[in-house]
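Asker: Take this structure, written in structure tokens, and hold onto it; I'll ask about it next.
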Amino acid sequence: MKITVLGCGALGQIWLAALARQGHEVQGWLRVPQPYCSANVVDPQGEVSNHTFIANDPLFLTESQLLLVTLKAPQVSPAVKNLQSVLPTHAPILLLHNGMGTLEELKDLRQPLLRGITTHAAMRDGTVIKHIAHGITHIGPANRESAALSDIADILHQALPDVAWHDNIAAASWRKLAINCVINPMTVEHDCQNGALRAWPEQVALLCEEIAWVMEREGQHMAVDNLRDIIYDVIDSTAANTSSMLQDVRAQRLTEIDYITGYLLRRARAQGISLPENTRLYDLIKRKESHYERERIGSGLPGT
Ligand code: KPL
């Protein structure tokens, strides 16, 4: 299969390497155009692989049979809208990012749109991508055109298992959103790894109550106790992780807060519900972002 991977960060490089290993023809697509991109990946067993792939080739894009988008949520819509007129109309676009809200931004796309959620853990360490832990990628249809594309899950599963197809991806998306609404901003507030969040059980409980309330109204019933158990399972299984939001804040990059807690608050507002603890955390992250954004502008450095 001919596949363009949009976004060559940690997740993008893991997919590029895995798809190429499986015999697919792949190219990377970077926001700042370059003729080549590299994937230097250390897998969870410690094995190193170095590959160079072509990048930003418009001809390759016109022949692509899948656009795999591994960008962070705030970068997704502008980048996809930029490429959609060149990508064949039958080529599915699979979005793999934290948070929700991009589907609404891309509702007018002609291509079949797929939504994915992944639990693979990876991080950049200098010039190397450390694939810390294998996970599951859940994918499913996000528009009418993509309802019958479960074959894609099988193809991707051969390259980087596990990949599971869901006819109703909204349930898995909300579950992941809830996890990210609790863990990501809390790790920033307390400046700690995921596992340390067990020290603030009242705050976890409060956030879960607010989130479960919105989920109920969105037709995604989840008992508060159940949600809390799911979140503690993730806190324990990713105890040594530095959450993606804390990594972004430490590197003074734009975070995904507008697509995580921001999305939850937009849905709550639409239902006339107020969420004080989620709002407080949202404001805290936005204040941090605007603080380093002001410093960046003051020093004349380019944005992230
Ligand atoms: O998705 C994550 C993230 O860091 O963005 C969790 C599940 C919190 C793991 O770190």
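We name chains A, B, ... following the order of the structure tokens; residues begin at 1 in each chain, and ligands are numbered from 1 as shown.
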Could you tell me, counting only C-alpha atoms and all ligand atoms, which protein and nucleic acid residues lie no more than 10 Å from ligand 1, written as a PyMOL selection string?
Answerer: chain A and resi 97-99+117-122+176-187+193-195+231+234-235+237-248+256+260
Asker: With N, CA and C atoms kept, could you save the residues just selected as a short mmCIF file (atom, residue, chain, number, x, y, z; two decimals), in the first residue's frame?
Answerer:
```cif
data_model
loop_
_atom_site.label_atom_id
_atom_site.label_comp_id
_atom_site.auth_asym_id
_atom_site.auth_seq_id
_atom_site.Cartn_x
_atom_site.Cartn_y
_atom_site.Cartn_z
N HIS A 97 -4.58 11.18 17.41
CA HIS A 97 -4.09 12.20 18.35
C HIS A 97 -4.90 12.16 19.63
N ASN A 98 -4.37 12.78 20.66
CA ASN A 98 -5.11 12.94 21.92
C ASN A 98 -6.21 13.98 21.74
N GLY A 99 -7.28 13.86 22.50
CA GLY A 99 -8.29 14.91 22.52
C GLY A 99 -9.35 14.73 21.45
N ILE A 117 -7.27 6.03 18.32
CA ILE A 117 -6.74 6.35 19.66
C ILE A 117 -5.67 5.31 19.93
N THR A 118 -4.52 5.76 20.39
CA THR A 118 -3.46 4.77 20.59
C THR A 118 -2.90 4.82 22.00
N THR A 119 -2.49 3.66 22.49
CA THR A 119 -1.87 3.62 23.82
C THR A 119 -0.37 3.28 23.70
N HIS A 120 0.17 3.30 22.47
CA HIS A 120 1.63 3.12 22.34
C HIS A 120 2.31 4.28 23.05
N ALA A 121 3.35 4.00 23.80
CA ALA A 121 4.06 5.08 24.49
C ALA A 121 5.42 5.29 23.83
N ALA A 122 5.67 6.54 23.42
CA ALA A 122 6.94 6.85 22.76
C ALA A 122 7.37 8.24 23.15
N LYS A 176 -10.85 7.82 26.36
CA LYS A 176 -9.48 8.35 26.32
C LYS A 176 -9.49 9.83 26.70
N LEU A 177 -10.53 10.56 26.26
CA LEU A 177 -10.62 11.98 26.61
C LEU A 177 -10.66 12.14 28.14
N ALA A 178 -11.47 11.29 28.78
CA ALA A 178 -11.61 11.36 30.24
C ALA A 178 -10.26 11.12 30.92
N ILE A 179 -9.53 10.11 30.43
CA ILE A 179 -8.21 9.79 31.01
C ILE A 179 -7.29 11.01 30.86
N ASN A 180 -7.26 11.58 29.66
CA ASN A 180 -6.37 12.73 29.42
C ASN A 180 -6.80 13.97 30.20
N CYS A 181 -8.13 14.15 30.41
CA CYS A 181 -8.61 15.32 31.18
C CYS A 181 -8.12 15.26 32.62
N VAL A 182 -7.96 14.04 33.15
CA VAL A 182 -7.51 13.93 34.54
C VAL A 182 -5.97 13.96 34.60
N ILE A 183 -5.34 13.01 33.88
CA ILE A 183 -3.90 12.81 34.08
C ILE A 183 -3.07 13.98 33.53
N ASN A 184 -3.39 14.45 32.32
CA ASN A 184 -2.48 15.41 31.69
C ASN A 184 -2.38 16.73 32.45
N PRO A 185 -3.50 17.45 32.71
CA PRO A 185 -3.32 18.71 33.45
C PRO A 185 -2.88 18.52 34.90
N MET A 186 -3.30 17.40 35.54
CA MET A 186 -2.84 17.20 36.93
C MET A 186 -1.32 17.03 37.00
N THR A 187 -0.74 16.31 36.01
CA THR A 187 0.73 16.13 36.06
C THR A 187 1.45 17.46 35.85
N GLN A 193 5.41 12.72 37.50
CA GLN A 193 5.09 11.63 36.58
C GLN A 193 3.70 11.08 36.90
N ASN A 194 3.16 10.32 35.95
CA ASN A 194 1.76 9.87 36.09
C ASN A 194 1.52 9.13 37.42
N GLY A 195 2.44 8.25 37.80
CA GLY A 195 2.24 7.41 38.98
C GLY A 195 2.07 8.20 40.27
N ILE A 231 -9.15 5.22 35.40
CA ILE A 231 -8.08 6.23 35.47
C ILE A 231 -6.93 5.75 36.37
N VAL A 234 -4.75 3.39 34.48
CA VAL A 234 -3.80 4.05 33.56
C VAL A 234 -2.68 4.73 34.37
N ILE A 235 -3.05 5.34 35.50
CA ILE A 235 -2.02 5.97 36.36
C ILE A 235 -0.98 4.91 36.74
N SER A 237 -0.44 1.84 35.21
CA SER A 237 0.27 1.18 34.09
C SER A 237 1.21 2.14 33.38
N THR A 238 1.03 3.46 33.58
CA THR A 238 1.95 4.42 32.94
C THR A 238 2.69 5.22 34.04
N ALA A 239 2.89 4.57 35.20
CA ALA A 239 3.41 5.29 36.38
C ALA A 239 4.72 6.04 36.10
N ALA A 240 5.58 5.46 35.28
CA ALA A 240 6.89 6.10 35.05
C ALA A 240 6.85 7.12 33.90
N ASN A 241 5.68 7.27 33.25
CA ASN A 241 5.58 8.21 32.10
C ASN A 241 5.58 9.66 32.55
N THR A 242 6.16 10.50 31.71
CA THR A 242 5.94 11.93 31.81
C THR A 242 4.83 12.19 30.79
N SER A 243 3.68 12.69 31.24
CA SER A 243 2.55 12.85 30.31
C SER A 243 2.94 13.76 29.15
N SER A 244 2.22 13.61 28.03
CA SER A 244 2.56 14.41 26.85
C SER A 244 2.39 15.90 27.15
N MET A 245 1.41 16.23 28.02
CA MET A 245 1.19 17.66 28.31
C MET A 245 2.33 18.23 29.16
N LEU A 246 2.82 17.42 30.10
CA LEU A 246 3.94 17.91 30.91
C LEU A 246 5.20 18.04 30.03
N GLN A 247 5.37 17.08 29.10
CA GLN A 247 6.52 17.20 28.16
C GLN A 247 6.42 18.49 27.36
N ASP A 248 5.17 18.81 26.89
CA ASP A 248 4.98 20.04 26.10
C ASP A 248 5.28 21.28 26.94
N GLU A 256 -2.11 20.32 24.09
CA GLU A 256 -3.37 19.90 23.47
C GLU A 256 -4.57 20.25 24.37
N ILE A 260 -8.53 18.79 24.79
CA ILE A 260 -8.75 17.84 25.89
C ILE A 260 -9.76 18.49 26.84
#
```
Asker: Mind dumping a table of every stretch 87-179 of chain A residue within 10 Å of stretch 28-41 of chain A, with the nearest atom pair and its distance in Å to one decimal, using only C-alpha atoms, sorted by chain and rising number, as a Markdown table?
Answerer:
```
| residue | atom | partner | partner_atom | distance |
| --- | --- | --- | --- | --- |
| A:Ala122 | CA | A:Val41 | CA | 9.5 |
| A:Met123 | CA | A:Val41 | CA | 9.9 |
| A:Arg124 | CA | A:Val41 | CA | 9.3 |
| A:Thr127 | CA | A:Asn40 | CA | 7.3 |
| A:Val128 | CA | A:Asn40 | CA | 5.3 |
| A:Ile129 | CA | A:Val41 | CA | 4.8 |
| A:Lys130 | CA | A:Val41 | CA | 6.0 |
| A:His131 | CA | A:Val41 | CA | 6.8 |
```
Asker: Would you compute the distance between atom CA of A:Arg266 and atom CA of A:Gln252? Give it in Å to one decimal.
Answerer: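 These atoms are spaced 24.9 Å apart.
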Asker: Stretch 135-254 of chain A: which residues are alpha helix (DSSP H) by DSSP, as a VMD selection string?
Answerer: chain A and resid 150 to 159 169 to 190 201 to 217 224 to 237 244 to 250
Asker: Find, counting only C-alpha atoms, the residue in A:Glu63, A:Glu277, A:Asp154, A:Glu218 that gets nearest to A:Ile3.
Answerer: A:Glu63
Asker: Between A:Ser150, A:His134, A:Leu114, A:Leu264, single out the one closest to A:Arg175, counting only C-alpha atoms.
Answerer: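 Using only C-alpha atoms, the shortest distance to A:Arg175 belongs to A:Leu264.
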Asker: Identify which of the residues A:Glu105, A:Lys286, A:Gly126, A:Ile93 lies closest to A:Ile139, counting only C-alpha atoms when measuring atom-to-atom distances.
Answerer: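 The answer is A:Ile93, which sits nearest to A:Ile139.
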Asker: May I have all residues of stretch 67-236 of chain A that DSSP, computed from the backbone, assigns to strand (DSSP E), given as an MDAnalysis selection string?
Answerer: chainID A and resid 67:69 93:96 113:118 121:125 128:133 137:141 163:165
Asker: Which one of A:Lys72, A:Lys81, A:Lys288, A:Arg250 sits closest to A:Gly9 if you count only C-alpha atoms?
Answerer: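 So, comparing all the options, the nearest one is A:Lys72.
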Asker: Check the smallest atom-to-atom distance from each of A:Arg296, A:Asn82, A:Val214, A:Val249 to A:Gln271 using only C-alpha atoms, then report the winner.
Answerer: A:Val214
Asker: For A:Arg228, work out the shell of residues within 9 Å, counting only C-alpha atoms and skipping chain neighbours fewer than 2 positions away, then give it as a PyMOL selection string.
Answerer: chain A and resi 204-205+208-209+223-226+230-233
Asker: With only C-alpha atoms as the basis for distance, which of A:Leu96, A:Ile169, A:Leu149, A:Leu6 is at the shortest distance from A:Pro78?
Answerer: A:Leu6
Asker: For A:Glu25, find every residue with an atom within 9 Å (counting only C-alpha atoms), except residues of its own chain fewer than 5 positions away, and show them as a list in words.
Answerer: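 With the cut-off at 9 Å, the set is Met1, Lys2, Ile3, Thr4, Leu19 and Ala20 of chain A.
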